[in-house]
Amino acid sequence: MSISKFRKFIIGSALAAVVAFSAATSACGLETAHPKAKITYEFNNKEYVMEYTLYRNMYPNTVRHFIELADEGFYDNTIVHNYTNDWYAGGYGYDADEYSAKIGNPAAMSEYFSEFSKEDDYLGLFNAGKLTPSVYGNVVYEGEKQKVSDEDKLPTLIGEFKNNIQQTIENGALSAEFGALKMYYYAKETEKKVYVTPTGDQVIGADYKNNSATSLFSVQTASSTSLNASSYCVFARLDDVSAFNDFLDDIKEYLEDHDDVIRVTVNVDNNENFSDKDADKAMQQVFSVMVTPLIIKQVKITKY
């Protein structure tokens with residue numbers, strides 16, 4: 001083989017290797033420290049697109065959980081079901097006809113939320129193996145080593161915050177700053193214990209009430225010190241604060257001319273089957289609901 005042909009062979013082989021590597025990493029979903037997500041909101045017939053940076057390097061289980069749900073389309077066409085200084089989202093579907101028919105009546109809206117709760121959808125994904133388990137109801141021993149089994153997996157998410165598993169973030173945990181995404185959980189009044197797996201092979205005993213998040217997340221519309229990083233997992237930051245400010249300004253301007261928020265009592269966690277019987281079966285929450293719906297049209301992962 002001539003030197004010229006040899007050089008062409010080497011260069012061609014190198015390019016082929018790069019292409020093959022790129023295809024392989026794309027196919028297996030190469031994980032990065034900071035995935036990206038794009039959330040498309042709709043309010044008053046106008047769409048708003050917000051982009052977020054996810055912190056897998058700090059909160060690997062939470063980010064994986066959010067990505068798995070987004071990839072399944074779970075969050076698409078859902079509604080922001082509580083409009084306060086942090087929006088609650090990720091738990092209820094949006095049906096325009098049913099919503100508009102019931103929005104004027106708080107009792108009817110309670111029925112709406114019951115009918116369009118996504119709890120069954122969530123459990124379906126979990127039972128089908130679409131969501132990676134991180135919380136277990138029991139532990140077994142192999143010698144002195146603790147092990148968990150899929151037979152004991154619970155459809156909840158590990159609470160990756162300091163007050164739960166003493167997780168220490170080297171450069172400081174994310175705070176509930178303006179625009180951040182926070183995985184939401186109800187701090188349930190139960191003394192039951194579970195076992196969590198922060199790193200996959202490490203098993204830690206913890207309080208169930210701190211590991212009871214499912215699909216819910218919140219969007220922080222004001223910086224908060226009460227919802228701090230010691231008690232909540234703030235797993236994503238907003239990339240463009242000015243775009244979110246413009247979005248909130250449009251909502252504020254609309255609300256100045258419309259009496260558009262009502263209070264609705266909703267039963268939550270109706271499928272709860274682990275904690276104390278009388279602690280949170282059909283636990284009630286009061287939501288501040290927008291008459292003009294604030295809709296999440298799509299959650300799309302743009303970088304893994």
# chains A, B, ... in the order shown; residues from 1 in each chain; ligands from 1

$ residues_around --residues "Gly91 in chain A" --least-positions-apart "4" --cutoff "8 Å" --atoms "only C-alpha atoms" --output "PyMOL selection string"
chain A and resi 78-79+81+117-119+215-216

$ select_by_dssp --residues "range 5-187 of chain A" --states "strand (DSSP E)" --output "ChimeraX atom specification"
/A:36-43,46-54,78-79,86-89,135-136,140-142,145-147,181-183

$ closest_residue --among "A:Tyr48, A:Phe126, A:Tyr184, A:Tyr232" --to "Asn163 in chain A" --atoms "only C-alpha atoms"
A:Tyr232

$ atom_distance --atom1 "CA of Ala37 in chain A" --atom2 "CA of Ala70 in chain A"
9.0 Å

$ atom_distance --atom1 "CA of Ile169 in chain A" --atom2 "CA of Leu54 in chain A"
14.9 Å

$ atom_distance --atom1 "CA of Ile296 in chain A" --atom2 "CA of Asn77 in chain A"
5.5 Å

$ closest_residue --among "A:Ser114, A:Gln146, A:Asn211, A:Thr40" --to "Ile158 in chain A" --atoms "only C-alpha atoms"
A:Asn211

$ residues_around --residues "range 236-252 of chain A" --least-positions-apart "6" --cutoff "8 Å" --atoms "only C-alpha atoms" --output "list in words"
Phe43, Tyr48, Met50, Glu51, Tyr52, Thr53, Leu54, Tyr55, Phe178, Gly179, Ala180, Leu181 and Lys182 of chain A

$ decode --residues "range 32-70 of chain A" --atoms "N, CA and C atoms" --output "compact mmCIF listing (two decimals), in the first residue's frame"
# COMPACT_ATOMS: atom_id res chain seq x y z
N THR A 32 -25.03 13.20 30.53
CA THR A 32 -24.17 14.34 30.82
C THR A 32 -24.48 14.85 32.22
N ALA A 33 -23.59 15.68 32.75
CA ALA A 33 -23.79 16.23 34.09
C ALA A 33 -24.97 17.20 34.11
N HIS A 34 -25.23 17.86 32.97
CA HIS A 34 -26.27 18.89 32.92
C HIS A 34 -27.15 18.71 31.70
N PRO A 35 -28.13 17.80 31.79
CA PRO A 35 -29.11 17.69 30.70
C PRO A 35 -29.91 18.99 30.55
N LYS A 36 -30.63 19.07 29.44
CA LYS A 36 -31.45 20.25 29.17
C LYS A 36 -32.90 19.84 28.94
N ALA A 37 -33.82 20.68 29.40
CA ALA A 37 -35.25 20.43 29.18
C ALA A 37 -35.90 21.70 28.68
N LYS A 38 -36.91 21.52 27.85
CA LYS A 38 -37.69 22.65 27.34
C LYS A 38 -39.15 22.42 27.71
N ILE A 39 -39.73 23.37 28.41
CA ILE A 39 -41.14 23.28 28.78
C ILE A 39 -41.92 24.34 28.01
N THR A 40 -42.95 23.88 27.30
CA THR A 40 -43.82 24.80 26.58
C THR A 40 -45.11 24.97 27.37
N TYR A 41 -45.35 26.19 27.82
CA TYR A 41 -46.55 26.54 28.56
C TYR A 41 -47.54 27.22 27.61
N GLU A 42 -48.81 27.17 27.99
CA GLU A 42 -49.83 27.93 27.26
C GLU A 42 -50.71 28.64 28.26
N PHE A 43 -50.94 29.93 28.00
CA PHE A 43 -51.85 30.71 28.84
C PHE A 43 -52.57 31.72 27.96
N ASN A 44 -53.89 31.75 28.08
CA ASN A 44 -54.72 32.71 27.35
C ASN A 44 -54.40 32.67 25.85
N ASN A 45 -54.30 31.44 25.32
CA ASN A 45 -54.09 31.18 23.89
C ASN A 45 -52.73 31.65 23.36
N LYS A 46 -51.77 31.78 24.25
CA LYS A 46 -50.41 32.15 23.83
C LYS A 46 -49.42 31.16 24.44
N GLU A 47 -48.43 30.77 23.64
CA GLU A 47 -47.44 29.82 24.11
C GLU A 47 -46.17 30.53 24.59
N TYR A 48 -45.56 29.94 25.62
CA TYR A 48 -44.31 30.45 26.20
C TYR A 48 -43.35 29.27 26.36
N VAL A 49 -42.16 29.40 25.83
CA VAL A 49 -41.18 28.32 25.89
C VAL A 49 -40.06 28.70 26.86
N MET A 50 -39.84 27.85 27.86
CA MET A 50 -38.79 28.07 28.85
C MET A 50 -37.81 26.90 28.80
N GLU A 51 -36.53 27.22 28.89
CA GLU A 51 -35.50 26.20 28.85
C GLU A 51 -34.79 26.12 30.20
N TYR A 52 -34.46 24.89 30.59
CA TYR A 52 -33.91 24.63 31.91
C TYR A 52 -32.66 23.77 31.82
N THR A 53 -31.76 23.99 32.76
CA THR A 53 -30.60 23.13 32.94
C THR A 53 -30.87 22.22 34.14
N LEU A 54 -30.73 20.91 33.92
CA LEU A 54 -30.95 19.93 34.98
C LEU A 54 -29.61 19.54 35.60
N TYR A 55 -29.61 19.30 36.90
CA TYR A 55 -28.36 19.05 37.63
C TYR A 55 -28.25 17.58 38.03
N ARG A 56 -27.94 16.75 37.02
CA ARG A 56 -27.75 15.33 37.28
C ARG A 56 -26.54 15.10 38.19
N ASN A 57 -25.52 15.93 38.09
CA ASN A 57 -24.32 15.76 38.91
C ASN A 57 -24.61 15.92 40.40
N MET A 58 -25.69 16.63 40.73
CA MET A 58 -26.06 16.83 42.12
C MET A 58 -27.20 15.90 42.55
N TYR A 59 -28.16 15.70 41.65
CA TYR A 59 -29.38 14.98 42.00
C TYR A 59 -29.68 13.91 40.94
N PRO A 60 -28.87 12.87 40.86
CA PRO A 60 -28.98 11.91 39.75
C PRO A 60 -30.31 11.17 39.70
N ASN A 61 -30.85 10.75 40.85
CA ASN A 61 -32.11 10.01 40.86
C ASN A 61 -33.28 10.88 40.45
N THR A 62 -33.31 12.11 40.95
CA THR A 62 -34.42 13.02 40.65
C THR A 62 -34.42 13.41 39.17
N VAL A 63 -33.26 13.71 38.64
CA VAL A 63 -33.16 14.10 37.23
C VAL A 63 -33.53 12.92 36.33
N ARG A 64 -33.05 11.73 36.66
CA ARG A 64 -33.40 10.55 35.88
C ARG A 64 -34.92 10.34 35.89
N HIS A 65 -35.54 10.49 37.05
CA HIS A 65 -36.98 10.31 37.20
C HIS A 65 -37.74 11.32 36.34
N PHE A 66 -37.33 12.57 36.38
CA PHE A 66 -37.98 13.62 35.59
C PHE A 66 -37.82 13.33 34.10
N ILE A 67 -36.64 12.91 33.69
CA ILE A 67 -36.39 12.61 32.28
C ILE A 67 -37.22 11.41 31.83
N GLU A 68 -37.28 10.38 32.65
CA GLU A 68 -38.07 9.20 32.29
C GLU A 68 -39.54 9.56 32.09
N LEU A 69 -40.09 10.38 32.97
CA LEU A 69 -41.49 10.79 32.84
C LEU A 69 -41.68 11.66 31.59
N ALA A 70 -40.75 12.59 31.36
CA ALA A 70 -40.85 13.45 30.18
C ALA A 70 -40.77 12.64 28.90
